[in-house]
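Asker: This structure is in structure tokens; I'll ask about it shortly.
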Amino acid sequence: DVQLQASGGGLVQPGGSLRLSCEVSGFSSSDYTIGWFRQAPGKEREGISGIRMRDHNTFYARSVKGRFTISTDNAKKTVYVQMSSLNAEDTAEYYCAAAPRNLIASSILRPSEYAYWGRGTLVTVSS
């Protein structure tokens with residue numbers, strides 16, 4: 001079974017940084033995609049970043065490009081998102097998800113493309 005475990009959330013001051021981790025298990029090949037999403041209270045779930053595990057191509061939403069970096073440690077089967085220059089608008093529950101195929105660029109930030117979801121980890125940006 002595919003399982004994902006997100007961690008690393010917490011309280012951070014505006015302008016600060018935080019790294020989220022997503023431990024992934026259950027895939028026997030590299031033909032899958034990991035996405036990071038977030039959902040703030042009263043808002044729709046938003047795709048913020050994704051990585052295709054076959055070629056390690058990365059993708060970012062405009063709202064986080066230049067501030068967030070997605071990466072992977074294959075040995076640990078973990079996908080990270082390093083977040084910097086955080087502001088109050090980044091406050092949300094963050095989720096990682098997996099799609100069992102190599103998503104194309106136009107689909108990689110769409111929640112509907114992902115079949116497997118981990119529990120969220122809360123990020124609060126506040127002074």
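Ordered as shown in the structure tokens, chains take letters A, B, and onward, while each chain numbers its residues from 1 and ligands are numbered from 1 in the order shown.
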Hey, what's within 8 Å of region 108-120 of chain A if we count only C-alpha atoms and toss same-chain stuff fewer than 3 positions away? As a list of chain:residue names, please?
Answerer: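 In the requested format, the answer is A:Val2, A:Gln3, A:Leu4, A:Gln5, A:Ala6, A:Ser7, A:Thr33, A:Gly35, A:Phe37, A:Arg45, A:Glu46, A:Gly47, A:Ile48, A:Ser49, A:Gly50, A:Phe59, A:Tyr60, A:Ala61, A:Glu93, A:Tyr94, A:Tyr95, A:Cys96, A:Ala97, A:Ala98, A:Ala99, A:Pro100, A:Leu103, A:Ile104, A:Ala105.
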Asker: Find the residues around Ser84 (chain A) up to 12 Å (only C-alpha atoms counted), leave out those fewer than 2 positions away in its own chain, and share them as an NGL selection string.
Answerer: :A and (12-20 or 64-70 or 81-82 or 86-87 or 90 or 125)
Asker: Can you list, as JSON, numbers by chain, every protein, DNA or RNA residue that comes within 9 Å of Lys77 (chain A) when you count only C-alpha atoms, leaving out same-chain residues fewer than 5 positions away?
Answerer: {"A": [22, 23, 24, 25, 72]}
Asker: Give the answer as one residue: which of A:Thr121, A:Asn102, A:Thr91, A:Ser107 has the shortest atom-to-atom distance to Asn57 (chain A), using only C-alpha atoms?
Answerer: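 Of A:Thr121, A:Asn102, A:Thr91, A:Ser107, the one nearest Asn57 (chain A), counting only C-alpha atoms, is A:Asn102.
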Asker: Taking the backbone alone, and naming residues the way the document does, which bits of region 20-85 of chain A are strand (DSSP E or B) by DSSP, as a ChimeraX atom specification?
Answerer: /A:20-25,33-39,46-52,58-60,65,68-73,78-83
